[in-house]
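S.K.: Enclosed is the structure file entry.pdb (PDB, C-alpha atoms and all ligand atoms).
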ATOM      1  CA  MET A 108     -47.183 -65.001 140.994
ATOM      2  CA  ASN A 109     -45.174 -66.162 137.984
ATOM      3  CA  GLU A 110     -47.177 -64.151 135.486
ATOM      4  CA  LEU A 111     -46.952 -61.015 137.614
ATOM      5  CA  LEU A 112     -43.251 -61.550 138.208
ATOM      6  CA  GLU A 113     -42.696 -61.874 134.470
ATOM      7  CA  LYS A 114     -44.493 -58.575 133.876
ATOM      8  CA  ILE A 115     -42.541 -56.792 136.612
ATOM      9  CA  GLN A 116     -39.308 -58.220 135.218
ATOM     10  CA  GLU A 117     -40.219 -56.819 131.815
ATOM     11  CA  ILE A 118     -41.101 -53.357 133.148
ATOM     12  CA  ARG A 119     -38.017 -53.352 135.453
ATOM     13  CA  ILE A 120     -39.154 -50.347 137.503
ATOM     14  CA  VAL A 121     -41.847 -50.064 140.151
ATOM     15  CA  PRO A 122     -42.609 -46.397 140.833
ATOM     16  CA  VAL A 123     -43.395 -45.792 144.499
ATOM     17  CA  ILE A 124     -46.199 -43.269 144.820
ATOM     18  CA  ALA A 125     -47.675 -41.298 147.733
ATOM     19  CA  LEU A 126     -50.772 -39.525 146.451
ATOM     20  CA  ASP A 127     -52.473 -36.824 148.488
ATOM     21  CA  ASN A 128     -55.172 -36.135 145.961
ATOM     22  CA  VAL A 129     -57.216 -38.820 144.210
ATOM     23  CA  ASN A 130     -57.750 -36.448 141.295
ATOM     24  CA  SER A 131     -54.121 -37.020 140.364
ATOM     25  CA  ALA A 132     -54.576 -40.789 140.040
ATOM     26  CA  ALA A 133     -55.835 -40.918 136.442
ATOM     27  CA  PRO A 134     -53.453 -38.343 134.903
ATOM     28  CA  LEU A 135     -50.574 -39.953 136.773
ATOM     29  CA  ALA A 136     -51.467 -43.431 135.505
ATOM     30  CA  GLU A 137     -51.658 -42.011 131.999
ATOM     31  CA  ALA A 138     -48.257 -40.324 132.321
ATOM     32  CA  LEU A 139     -46.633 -43.546 133.553
ATOM     33  CA  CYS A 140     -48.209 -45.627 130.778
ATOM     34  CA  GLU A 141     -47.201 -43.111 128.109
ATOM     35  CA  GLY A 142     -43.734 -42.935 129.632
ATOM     36  CA  GLY A 143     -43.342 -46.695 129.160
ATOM     37  CA  ILE A 144     -43.651 -47.729 132.818
ATOM     38  CA  PRO A 145     -47.182 -49.109 133.198
ATOM     39  CA  CYS A 146     -46.743 -49.941 136.868
ATOM     40  CA  ALA A 147     -47.408 -48.295 140.225
ATOM     41  CA  GLU A 148     -46.935 -49.079 143.888
ATOM     42  CA  VAL A 149     -49.506 -46.806 145.496
ATOM     43  CA  THR A 150     -48.575 -46.487 149.134
ATOM     44  CA  PHE A 151     -50.947 -46.598 152.068
ATOM     45  CA  ARG A 152     -49.124 -43.610 153.536
ATOM     46  CA  THR A 153     -51.976 -41.386 152.472
ATOM     47  CA  ASP A 154     -55.747 -41.650 152.809
ATOM     48  CA  ALA A 155     -56.091 -41.424 149.043
ATOM     49  CA  ALA A 156     -54.371 -44.770 148.446
ATOM     50  CA  GLU A 157     -57.387 -47.057 148.266
ATOM     51  CA  GLU A 158     -59.382 -44.836 145.932
ATOM     52  CA  ALA A 159     -56.306 -44.089 143.804
ATOM     53  CA  ILE A 160     -55.670 -47.825 143.360
ATOM     54  CA  HIS A 161     -59.294 -48.303 142.352
ATOM     55  CA  ILE A 162     -59.127 -45.495 139.766
ATOM     56  CA  MET A 163     -55.830 -46.642 138.270
ATOM     57  CA  ALA A 164     -56.696 -50.341 138.198
ATOM     58  CA  SER A 165     -60.161 -49.876 136.713
ATOM     59  CA  GLN A 166     -59.392 -47.126 134.205
ATOM     60  CA  TYR A 167     -55.979 -48.416 133.130
ATOM     61  CA  PRO A 168     -56.303 -52.203 132.891
ATOM     62  CA  GLN A 169     -53.049 -52.362 130.933
ATOM     63  CA  MET A 170     -51.298 -51.129 134.053
ATOM     64  CA  LEU A 171     -49.897 -53.226 136.893
ATOM     65  CA  VAL A 172     -51.244 -51.494 139.985
ATOM     66  CA  GLY A 173     -50.168 -52.609 143.428
ATOM     67  CA  ALA A 174     -50.296 -51.313 146.979
ATOM     68  CA  GLY A 175     -47.281 -50.257 149.016
ATOM     69  CA  THR A 176     -46.510 -49.535 152.659
ATOM     70  CA  VAL A 177     -49.045 -52.199 153.605
ATOM     71  CA  LEU A 178     -48.470 -52.842 157.297
ATOM     72  CA  THR A 179     -51.572 -54.799 158.302
ATOM     73  CA  THR A 180     -53.895 -57.492 157.016
ATOM     74  CA  GLU A 181     -56.707 -54.951 157.096
ATOM     75  CA  GLN A 182     -54.810 -52.675 154.684
ATOM     76  CA  ALA A 183     -53.954 -55.645 152.470
ATOM     77  CA  CYS A 184     -57.639 -56.556 152.346
ATOM     78  CA  ARG A 185     -58.637 -52.987 151.396
ATOM     79  CA  ALA A 186     -55.921 -52.889 148.744
ATOM     80  CA  VAL A 187     -57.098 -56.142 147.154
ATOM     81  CA  GLY A 188     -60.703 -54.904 147.288
ATOM     82  CA  ALA A 189     -59.641 -51.761 145.423
ATOM     83  CA  GLY A 190     -58.025 -53.842 142.677
ATOM     84  CA  ALA A 191     -54.366 -54.080 143.711
ATOM     85  CA  LYS A 192     -52.593 -56.873 141.845
ATOM     86  CA  PHE A 193     -49.679 -57.072 144.271
ATOM     87  CA  ILE A 194     -48.843 -55.963 147.786
ATOM     88  CA  VAL A 195     -45.580 -54.465 149.044
ATOM     89  CA  SER A 196     -44.516 -53.792 152.612
ATOM     90  CA  PRO A 197     -41.439 -52.139 154.122
ATOM     91  CA  GLY A 198     -41.142 -55.106 156.500
ATOM     92  CA  LEU A 199     -42.052 -58.718 157.105
ATOM     93  CA  ASP A 200     -45.362 -59.314 158.846
ATOM     94  CA  LEU A 201     -46.304 -62.989 158.947
ATOM     95  CA  ASP A 202     -50.036 -62.263 159.197
ATOM     96  CA  VAL A 203     -49.892 -60.287 155.962
ATOM     97  CA  VAL A 204     -47.853 -63.093 154.367
ATOM     98  CA  LYS A 205     -50.519 -65.624 155.393
ATOM     99  CA  TYR A 206     -53.360 -63.443 154.102
ATOM    100  CA  CYS A 207     -51.691 -62.895 150.724
ATOM    101  CA  LEU A 208     -50.804 -66.572 150.277
ATOM    102  CA  GLU A 209     -54.399 -67.544 151.086
ATOM    103  CA  LYS A 210     -55.757 -64.988 148.627
ATOM    104  CA  ASN A 211     -53.123 -65.910 146.070
ATOM    105  CA  ILE A 212     -51.969 -62.306 145.797
ATOM    106  CA  PRO A 213     -48.257 -61.703 145.225
ATOM    107  CA  PHE A 214     -46.656 -60.142 148.281
ATOM    108  CA  PHE A 215     -43.198 -58.586 148.424
ATOM    109  CA  PRO A 216     -42.309 -58.102 152.080
ATOM    110  CA  GLY A 217     -39.466 -55.812 153.041
ATOM    111  CA  CYS A 218     -36.345 -57.642 154.194
ATOM    112  CA  ALA A 219     -32.942 -56.159 154.877
ATOM    113  CA  THR A 220     -31.055 -58.993 156.564
ATOM    114  CA  PRO A 221     -30.382 -62.700 155.937
ATOM    115  CA  THR A 222     -32.452 -63.632 158.996
ATOM    116  CA  GLU A 223     -35.472 -61.790 157.612
ATOM    117  CA  ILE A 224     -35.006 -63.434 154.215
ATOM    118  CA  ILE A 225     -34.885 -66.868 155.862
ATOM    119  CA  LYS A 226     -38.102 -66.103 157.753
ATOM    120  CA  ALA A 227     -39.775 -64.882 154.545
ATOM    121  CA  LYS A 228     -38.649 -67.987 152.638
ATOM    122  CA  LYS A 229     -39.922 -70.242 155.385
ATOM    123  CA  ALA A 230     -43.299 -68.502 155.209
ATOM    124  CA  GLY A 231     -43.538 -69.221 151.463
ATOM    125  CA  ILE A 232     -42.212 -65.985 149.953
ATOM    126  CA  SER A 233     -40.096 -66.070 146.795
ATOM    127  CA  VAL A 234     -39.764 -62.350 145.988
ATOM    128  CA  ILE A 235     -38.739 -59.759 148.557
ATOM    129  CA  LYS A 236     -38.340 -56.010 148.640
ATOM    130  CA  PHE A 237     -34.806 -55.223 149.810
ATOM    131  CA  PHE A 238     -35.455 -52.103 151.855
ATOM    132  CA  PRO A 239     -33.920 -49.639 152.534
ATOM    133  CA  ALA A 240     -31.458 -50.882 149.908
ATOM    134  CA  GLU A 241     -28.793 -48.182 149.895
ATOM    135  CA  LEU A 242     -28.654 -48.009 153.693
ATOM    136  CA  TYR A 243     -28.306 -51.781 154.052
ATOM    137  CA  GLY A 244     -25.397 -52.366 151.712
ATOM    138  CA  GLY A 245     -26.916 -51.754 148.272
ATOM    139  CA  ILE A 246     -25.416 -53.661 145.373
ATOM    140  CA  ARG A 247     -22.756 -55.397 147.489
ATOM    141  CA  ALA A 248     -25.434 -56.836 149.769
ATOM    142  CA  LEU A 249     -27.493 -57.942 146.751
ATOM    143  CA  LYS A 250     -24.535 -59.833 145.315
ATOM    144  CA  THR A 251     -24.066 -61.611 148.640
ATOM    145  CA  PHE A 252     -27.785 -62.453 148.794
ATOM    146  CA  ALA A 253     -27.521 -63.936 145.280
ATOM    147  CA  GLU A 254     -24.905 -66.391 146.523
ATOM    148  CA  VAL A 255     -26.694 -67.308 149.724
ATOM    149  CA  PHE A 256     -30.292 -67.229 148.469
ATOM    150  CA  PRO A 257     -30.099 -68.100 144.739
ATOM    151  CA  ASP A 258     -33.831 -68.849 144.575
ATOM    152  CA  ILE A 259     -34.964 -65.466 145.941
ATOM    153  CA  LYS A 260     -35.820 -62.642 143.541
ATOM    154  CA  ILE A 261     -35.349 -59.149 144.868
ATOM    155  CA  MET A 262     -36.849 -55.717 144.305
ATOM    156  CA  PRO A 263     -34.363 -53.276 145.861
ATOM    157  CA  THR A 264     -35.931 -50.000 146.980
ATOM    158  CA  GLY A 265     -34.724 -47.069 149.018
ATOM    159  CA  GLY A 266     -32.135 -44.671 147.682
ATOM    160  CA  ILE A 267     -32.405 -45.800 144.068
ATOM    161  CA  ASN A 268     -32.355 -43.139 141.401
ATOM    162  CA  LEU A 269     -31.491 -42.515 137.758
ATOM    163  CA  ASP A 270     -27.772 -42.543 138.567
ATOM    164  CA  ASN A 271     -27.532 -45.929 140.274
ATOM    165  CA  MET A 272     -30.518 -47.867 138.906
ATOM    166  CA  ALA A 273     -28.734 -49.416 135.912
ATOM    167  CA  GLU A 274     -26.098 -50.953 138.213
ATOM    168  CA  TYR A 275     -28.789 -52.418 140.451
ATOM    169  CA  LEU A 276     -30.579 -53.900 137.453
ATOM    170  CA  LYS A 277     -27.414 -55.728 136.418
ATOM    171  CA  CYS A 278     -27.572 -57.887 139.584
ATOM    172  CA  SER A 279     -28.744 -61.376 138.643
ATOM    173  CA  ASN A 280     -31.274 -61.618 141.480
ATOM    174  CA  VAL A 281     -32.942 -58.236 140.842
ATOM    175  CA  CYS A 282     -36.341 -58.486 139.160
ATOM    176  CA  ALA A 283     -37.010 -54.736 139.216
ATOM    177  CA  CYS A 284     -36.039 -51.600 141.092
ATOM    178  CA  GLY A 285     -38.510 -49.656 143.187
ATOM    179  CA  GLY A 286     -38.295 -45.991 143.978
ATOM    180  CA  SER A 287     -39.967 -42.655 144.378
ATOM    181  CA  PHE A 288     -37.602 -40.916 141.965
ATOM    182  CA  ILE A 289     -40.053 -40.893 139.046
ATOM    183  CA  VAL A 290     -43.208 -39.721 140.776
ATOM    184  CA  ASN A 291     -41.611 -37.171 143.027
ATOM    185  CA  LYS A 292     -43.605 -34.994 145.396
ATOM    186  CA  GLU A 293     -42.616 -31.704 143.838
ATOM    187  CA  LEU A 294     -43.847 -32.671 140.373
ATOM    188  CA  LEU A 295     -47.013 -34.174 141.823
ATOM    189  CA  ASN A 296     -47.774 -31.009 143.789
ATOM    190  CA  LYS A 297     -47.334 -28.960 140.630
ATOM    191  CA  HIS A 298     -49.509 -31.421 138.678
ATOM    192  CA  ASP A 299     -46.662 -31.602 136.217
ATOM    193  CA  PHE A 300     -47.626 -34.943 134.693
ATOM    194  CA  ASN A 301     -45.728 -34.180 131.545
ATOM    195  CA  ALA A 302     -42.466 -33.933 133.501
ATOM    196  CA  ILE A 303     -43.334 -37.231 135.216
ATOM    197  CA  LYS A 304     -43.891 -38.807 131.801
ATOM    198  CA  GLU A 305     -40.488 -37.531 130.620
ATOM    199  CA  LEU A 306     -38.810 -38.865 133.790
ATOM    200  CA  ALA A 307     -40.472 -42.229 133.200
ATOM    201  CA  LYS A 308     -39.114 -42.261 129.636
ATOM    202  CA  GLU A 309     -35.639 -41.411 130.886
ATOM    203  CA  ALA A 310     -35.808 -44.173 133.517
ATOM    204  CA  LYS A 311     -37.089 -46.646 130.933
ATOM    205  CA  LYS A 312     -34.040 -45.889 128.766
ATOM    206  CA  CYS A 313     -31.806 -46.751 131.760
ATOM    207  CA  THR A 314     -33.323 -50.208 131.964
ATOM    208  CA  VAL A 315     -31.630 -51.171 128.709
ATOM    209  CA  CYS A 316     -28.293 -49.454 129.274
TER
HETATM  210  C1  LIG A 401     -40.515 -46.960 149.707
HETATM  211  O1  LIG A 401     -41.456 -46.892 150.450
HETATM  212  O2  LIG A 401     -40.390 -47.912 148.939
HETATM  213  C2  LIG A 401     -39.456 -45.933 149.802
HETATM  214  O3  LIG A 401     -39.844 -44.812 150.491
HETATM  215  C3  LIG A 401     -38.902 -45.555 148.509
HETATM  216  O4  LIG A 401     -37.626 -45.138 148.741
HETATM  217  P1  LIG A 401     -37.044 -43.905 147.940
HETATM  218  O5  LIG A 401     -37.921 -42.746 148.286
HETATM  219  O6  LIG A 401     -35.634 -43.743 148.450
HETATM  220  O7  LIG A 401     -37.109 -44.248 146.486
END
Hey, can you dump this file as structure tokens for me?
M.R.:
Amino acid sequence: MNELLEKIQEIRIVPVIALDNVNSAAPLAEALCEGGIPCAEVTFRTDAAEEAIHIMASQYPQMLVGAGTVLTTEQACRAVGAGAKFIVSPGLDLDVVKYCLEKNIPFFPGCATPTEIIKAKKAGISVIKFFPAELYGGIRALKTFAEVFPDIKIMPTGGINLDNMAEYLKCSNVCACGGSFIVNKELLNKHDFNAIKELAKEAKKCTVC
């Protein structure tokens, strides 16, 4: 976990991706790498997820490829089999936690309340996805979590964009921000990987501002 966390903390942004077409996986991975964000959370919201993870992870070994929207142990297992290096979920499922701890695969479960964070901590989790961040108090909630749970690192996701990301990244407990604002559906549908690369570059600049 520590090595992966260090890498995520360096990259600072985890693009959330919903791919309909596996043919987009390689050019998308290339655009993200060239844009300076060699990371992807490929969500199991589409049937293409498993194959897309496999393509990205095998053809772009420099990239940190994980699986998102993982709701079941079965999906987690498929994601790991495809080469996912980390697993993200919108919520906290203790079976998935157990599976990931046993397999030694970093898992960021979604938590939005102190009670959920306590449950995650008790189950052995040290990094959570704060989701949906903007709806559940955003930066003010994160600051409160930092006081109450100083040992928990957080990846806020949900409502983060180029305008508010820099503020989120200033929070001491934030390891990285997640979001779909870089790989947006419209650009993906148009196969405009160049625009995605430029958005990635722009977002990367925000991580140091
Ligand atoms: C996710 O699954 O992490 C969210 O859908 C991403 O939220 P966003 O679309 O508001 O970035």
S.K.: Please report, as a tab-separated table, each residue of chain A lying at most 12 Å from ligand LIG 401 (chain A), together with the nearest pair of atoms and the separation in Å rounded to one decimal; use only C-alpha atoms and all ligand atoms, and order rows by chain and ascending residue number.
M.R.:
residue	atom	partner	partner_atom	distance
A:Ile120	CA	A:LIG401	O7	11.0
A:Val121	CA	A:LIG401	O2	9.2
A:Pro122	CA	A:LIG401	O7	8.2
A:Val123	CA	A:LIG401	O2	5.8
A:Ile124	CA	A:LIG401	O1	8.2
A:Ala125	CA	A:LIG401	O1	8.8
A:Ala147	CA	A:LIG401	O2	11.2
A:Glu148	CA	A:LIG401	O2	8.3
A:Val149	CA	A:LIG401	O1	9.5
A:Thr150	CA	A:LIG401	O1	7.3
A:Phe151	CA	A:LIG401	O1	9.6
A:Arg152	CA	A:LIG401	O1	8.9
A:Ala174	CA	A:LIG401	O1	10.5
A:Gly175	CA	A:LIG401	O1	6.9
A:Thr176	CA	A:LIG401	O1	6.1
A:Val177	CA	A:LIG401	O1	9.8
A:Leu178	CA	A:LIG401	O1	11.5
A:Ile194	CA	A:LIG401	O2	11.7
A:Val195	CA	A:LIG401	O2	8.4
A:Ser196	CA	A:LIG401	O1	7.9
A:Pro197	CA	A:LIG401	O1	6.4
A:Gly198	CA	A:LIG401	O1	10.2
A:Phe215	CA	A:LIG401	O2	11.0
A:Pro216	CA	A:LIG401	O2	10.8
A:Gly217	CA	A:LIG401	O2	8.9
A:Cys218	CA	A:LIG401	O2	11.8
A:Ile235	CA	A:LIG401	O2	12.0
A:Lys236	CA	A:LIG401	O2	8.4
A:Phe237	CA	A:LIG401	O2	9.2
A:Phe238	CA	A:LIG401	O2	7.1
A:Pro239	CA	A:LIG401	O4	7.0
A:Ala240	CA	A:LIG401	O6	8.4
A:Glu241	CA	A:LIG401	O6	8.3
A:Leu242	CA	A:LIG401	O6	9.7
A:Gly245	CA	A:LIG401	O6	11.8
A:Met262	CA	A:LIG401	O2	9.7
A:Pro263	CA	A:LIG401	O2	8.6
A:Thr264	CA	A:LIG401	O2	5.3
A:Gly265	CA	A:LIG401	O6	3.5
A:Gly266	CA	A:LIG401	O6	3.7
A:Ile267	CA	A:LIG401	O7	5.5
A:Asn268	CA	A:LIG401	O7	7.0
A:Leu269	CA	A:LIG401	O7	10.5
A:Asn271	CA	A:LIG401	O7	11.5
A:Met272	CA	A:LIG401	O7	10.7
A:Cys284	CA	A:LIG401	O7	9.2
A:Gly285	CA	A:LIG401	O2	6.3
A:Gly286	CA	A:LIG401	O7	3.3
A:Ser287	CA	A:LIG401	O7	3.9
A:Phe288	CA	A:LIG401	O7	5.6
A:Ile289	CA	A:LIG401	O7	8.7
A:Val290	CA	A:LIG401	O7	9.5
A:Asn291	CA	A:LIG401	O5	8.5
A:Lys292	CA	A:LIG401	O5	10.0
S.K.: For Pro134 of chain A, which of A:Ile212, A:Ala227, A:Leu295, A:Cys313 is the closest residue, counting all atoms listed in the file?
M.R.: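 Once distances to Pro134 of chain A are computed over all atoms listed in the file, the minimum belongs to A:Leu295.
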S.K.: For the atom pair atom CA of Gly190 of chain A and atom CA of Gly142 of chain A, what is the interatomic distance in Å to one decimal place?
M.R.: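 Spanning atom CA of Gly190 of chain A to atom CA of Gly142 of chain A is a straight-line distance of 22.2 Å.
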S.K.: Identify, on the basis of all atoms listed in the file, every residue whose closest approach to Val187 of chain A does not exceed 12 Å; exclude the query and any residue fewer than 5 positions from it along the same chain; express the result as an mmCIF file with C-alpha atoms, in the coordinates of the input.
M.R.:
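Written out: part20.cif:
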data_model
loop_
_atom_site.group_PDB
_atom_site.id
_atom_site.type_symbol
_atom_site.label_atom_id
_atom_site.label_comp_id
_atom_site.auth_asym_id
_atom_site.auth_seq_id
_atom_site.Cartn_x
_atom_site.Cartn_y
_atom_site.Cartn_z
ATOM 1 C CA ALA A 156 -54.371 -44.770 148.446
ATOM 2 C CA GLU A 157 -57.387 -47.057 148.266
ATOM 3 C CA GLU A 158 -59.382 -44.836 145.932
ATOM 4 C CA ILE A 160 -55.670 -47.825 143.360
ATOM 5 C CA HIS A 161 -59.294 -48.303 142.352
ATOM 6 C CA ALA A 164 -56.696 -50.341 138.198
ATOM 7 C CA VAL A 172 -51.244 -51.494 139.985
ATOM 8 C CA GLY A 173 -50.168 -52.609 143.428
ATOM 9 C CA ALA A 174 -50.296 -51.313 146.979
ATOM 10 C CA GLY A 175 -47.281 -50.257 149.016
ATOM 11 C CA VAL A 177 -49.045 -52.199 153.605
ATOM 12 C CA THR A 180 -53.895 -57.492 157.016
ATOM 13 C CA GLU A 181 -56.707 -54.951 157.096
ATOM 14 C CA GLN A 182 -54.810 -52.675 154.684
ATOM 15 C CA LYS A 192 -52.593 -56.873 141.845
ATOM 16 C CA PHE A 193 -49.679 -57.072 144.271
ATOM 17 C CA ILE A 194 -48.843 -55.963 147.786
ATOM 18 C CA VAL A 195 -45.580 -54.465 149.044
ATOM 19 C CA TYR A 206 -53.360 -63.443 154.102
ATOM 20 C CA CYS A 207 -51.691 -62.895 150.724
ATOM 21 C CA LYS A 210 -55.757 -64.988 148.627
ATOM 22 C CA ASN A 211 -53.123 -65.910 146.070
ATOM 23 C CA ILE A 212 -51.969 -62.306 145.797
ATOM 24 C CA PRO A 213 -48.257 -61.703 145.225
ATOM 25 C CA PHE A 214 -46.656 -60.142 148.281
#
S.K.: What residues come out when you apply the PyMOL selection byres (((chain A and resi 230) around 8) and not hetatm) to this file, written as JSON, numbers by chain?
M.R.: {"A": [201, 204, 205, 226, 227, 228, 229, 231, 232]}
S.K.: Using the chain letters and residue numbers of this document, give as a PyMOL selection string the residues selected by the PyMOL selection byres (((chain A and resi 139) around 12) and not hetatm).
M.R.: chain A and resi 118+120-124+132-138+140-148+163+167+169-172+289-290+300-311
S.K.: With C-alpha atoms kept, could you save the residues just selected as a PDB file, in the coordinates of the input?
M.R.:
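For reference, part34.pdb as written:
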ATOM      1  CA  ILE A 118     -41.101 -53.357 133.148  1.00  0.00           C
ATOM      2  CA  ILE A 120     -39.154 -50.347 137.503  1.00  0.00           C
ATOM      3  CA  VAL A 121     -41.847 -50.064 140.151  1.00  0.00           C
ATOM      4  CA  PRO A 122     -42.609 -46.397 140.833  1.00  0.00           C
ATOM      5  CA  VAL A 123     -43.395 -45.792 144.499  1.00  0.00           C
ATOM      6  CA  ILE A 124     -46.199 -43.269 144.820  1.00  0.00           C
ATOM      7  CA  ALA A 132     -54.576 -40.789 140.040  1.00  0.00           C
ATOM      8  CA  ALA A 133     -55.835 -40.918 136.442  1.00  0.00           C
ATOM      9  CA  PRO A 134     -53.453 -38.343 134.903  1.00  0.00           C
ATOM     10  CA  LEU A 135     -50.574 -39.953 136.773  1.00  0.00           C
ATOM     11  CA  ALA A 136     -51.467 -43.431 135.505  1.00  0.00           C
ATOM     12  CA  GLU A 137     -51.658 -42.011 131.999  1.00  0.00           C
ATOM     13  CA  ALA A 138     -48.257 -40.324 132.321  1.00  0.00           C
ATOM     14  CA  CYS A 140     -48.209 -45.627 130.778  1.00  0.00           C
ATOM     15  CA  GLU A 141     -47.201 -43.111 128.109  1.00  0.00           C
ATOM     16  CA  GLY A 142     -43.734 -42.935 129.632  1.00  0.00           C
ATOM     17  CA  GLY A 143     -43.342 -46.695 129.160  1.00  0.00           C
ATOM     18  CA  ILE A 144     -43.651 -47.729 132.818  1.00  0.00           C
ATOM     19  CA  PRO A 145     -47.182 -49.109 133.198  1.00  0.00           C
ATOM     20  CA  CYS A 146     -46.743 -49.941 136.868  1.00  0.00           C
ATOM     21  CA  ALA A 147     -47.408 -48.295 140.225  1.00  0.00           C
ATOM     22  CA  GLU A 148     -46.935 -49.079 143.888  1.00  0.00           C
ATOM     23  CA  MET A 163     -55.830 -46.642 138.270  1.00  0.00           C
ATOM     24  CA  TYR A 167     -55.979 -48.416 133.130  1.00  0.00           C
ATOM     25  CA  GLN A 169     -53.049 -52.362 130.933  1.00  0.00           C
ATOM     26  CA  MET A 170     -51.298 -51.129 134.053  1.00  0.00           C
ATOM     27  CA  LEU A 171     -49.897 -53.226 136.893  1.00  0.00           C
ATOM     28  CA  VAL A 172     -51.244 -51.494 139.985  1.00  0.00           C
ATOM     29  CA  ILE A 289     -40.053 -40.893 139.046  1.00  0.00           C
ATOM     30  CA  VAL A 290     -43.208 -39.721 140.776  1.00  0.00           C
ATOM     31  CA  PHE A 300     -47.626 -34.943 134.693  1.00  0.00           C
ATOM     32  CA  ASN A 301     -45.728 -34.180 131.545  1.00  0.00           C
ATOM     33  CA  ALA A 302     -42.466 -33.933 133.501  1.00  0.00           C
ATOM     34  CA  ILE A 303     -43.334 -37.231 135.216  1.00  0.00           C
ATOM     35  CA  LYS A 304     -43.891 -38.807 131.801  1.00  0.00           C
ATOM     36  CA  GLU A 305     -40.488 -37.531 130.620  1.00  0.00           C
ATOM     37  CA  LEU A 306     -38.810 -38.865 133.790  1.00  0.00           C
ATOM     38  CA  ALA A 307     -40.472 -42.229 133.200  1.00  0.00           C
ATOM     39  CA  LYS A 308     -39.114 -42.261 129.636  1.00  0.00           C
ATOM     40  CA  GLU A 309     -35.639 -41.411 130.886  1.00  0.00           C
ATOM     41  CA  ALA A 310     -35.808 -44.173 133.517  1.00  0.00           C
ATOM     42  CA  LYS A 311     -37.089 -46.646 130.933  1.00  0.00           C
TER      43      LYS A 311
END
S.K.: Could you please determine the separation between atom CA of Ile259 of chain A and atom CA of Ser233 of chain A in Å, to one decimal place?
M.R.: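 Spanning atom CA of Ile259 of chain A to atom CA of Ser233 of chain A is a straight-line distance of 5.2 Å.
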S.K.: Let me know the residues the PyMOL selection byres (((chain A and resi 249) around 10) and not hetatm) catches in the file above, as a list in words.
M.R.: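 Given this file, the PyMOL selection byres (((chain A and resi 249) around 10) and not hetatm) evaluates to Ala219, Phe237, Ala240, Tyr243, Gly244, Gly245, Ile246, Arg247, Ala248, Lys250, Thr251, Phe252, Ala253, Glu254, Val255, Phe256, Ile261, Met262, Pro263, Tyr275, Cys278, Ser279, Asn280 and Val281 of chain A.
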S.K.: How would the residues just chosen look if you wrote them out with C-alpha atoms as an mmCIF file, in the frame of the given file?
M.R.:
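Generated file (result_11.cif):
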data_model
loop_
_atom_site.group_PDB
_atom_site.id
_atom_site.type_symbol
_atom_site.label_atom_id
_atom_site.label_comp_id
_atom_site.auth_asym_id
_atom_site.auth_seq_id
_atom_site.Cartn_x
_atom_site.Cartn_y
_atom_site.Cartn_z
ATOM 1 C CA ALA A 219 -32.942 -56.159 154.877
ATOM 2 C CA PHE A 237 -34.806 -55.223 149.810
ATOM 3 C CA ALA A 240 -31.458 -50.882 149.908
ATOM 4 C CA TYR A 243 -28.306 -51.781 154.052
ATOM 5 C CA GLY A 244 -25.397 -52.366 151.712
ATOM 6 C CA GLY A 245 -26.916 -51.754 148.272
ATOM 7 C CA ILE A 246 -25.416 -53.661 145.373
ATOM 8 C CA ARG A 247 -22.756 -55.397 147.489
ATOM 9 C CA ALA A 248 -25.434 -56.836 149.769
ATOM 10 C CA LYS A 250 -24.535 -59.833 145.315
ATOM 11 C CA THR A 251 -24.066 -61.611 148.640
ATOM 12 C CA PHE A 252 -27.785 -62.453 148.794
ATOM 13 C CA ALA A 253 -27.521 -63.936 145.280
ATOM 14 C CA GLU A 254 -24.905 -66.391 146.523
ATOM 15 C CA VAL A 255 -26.694 -67.308 149.724
ATOM 16 C CA PHE A 256 -30.292 -67.229 148.469
ATOM 17 C CA ILE A 261 -35.349 -59.149 144.868
ATOM 18 C CA MET A 262 -36.849 -55.717 144.305
ATOM 19 C CA PRO A 263 -34.363 -53.276 145.861
ATOM 20 C CA TYR A 275 -28.789 -52.418 140.451
ATOM 21 C CA CYS A 278 -27.572 -57.887 139.584
ATOM 22 C CA SER A 279 -28.744 -61.376 138.643
ATOM 23 C CA ASN A 280 -31.274 -61.618 141.480
ATOM 24 C CA VAL A 281 -32.942 -58.236 140.842
#
S.K.: Distance atom CA of Asn109 of chain A-atom CA of Ala283 of chain A, one decimal place?
M.R.: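 These two atoms are separated by 14.1 Å.
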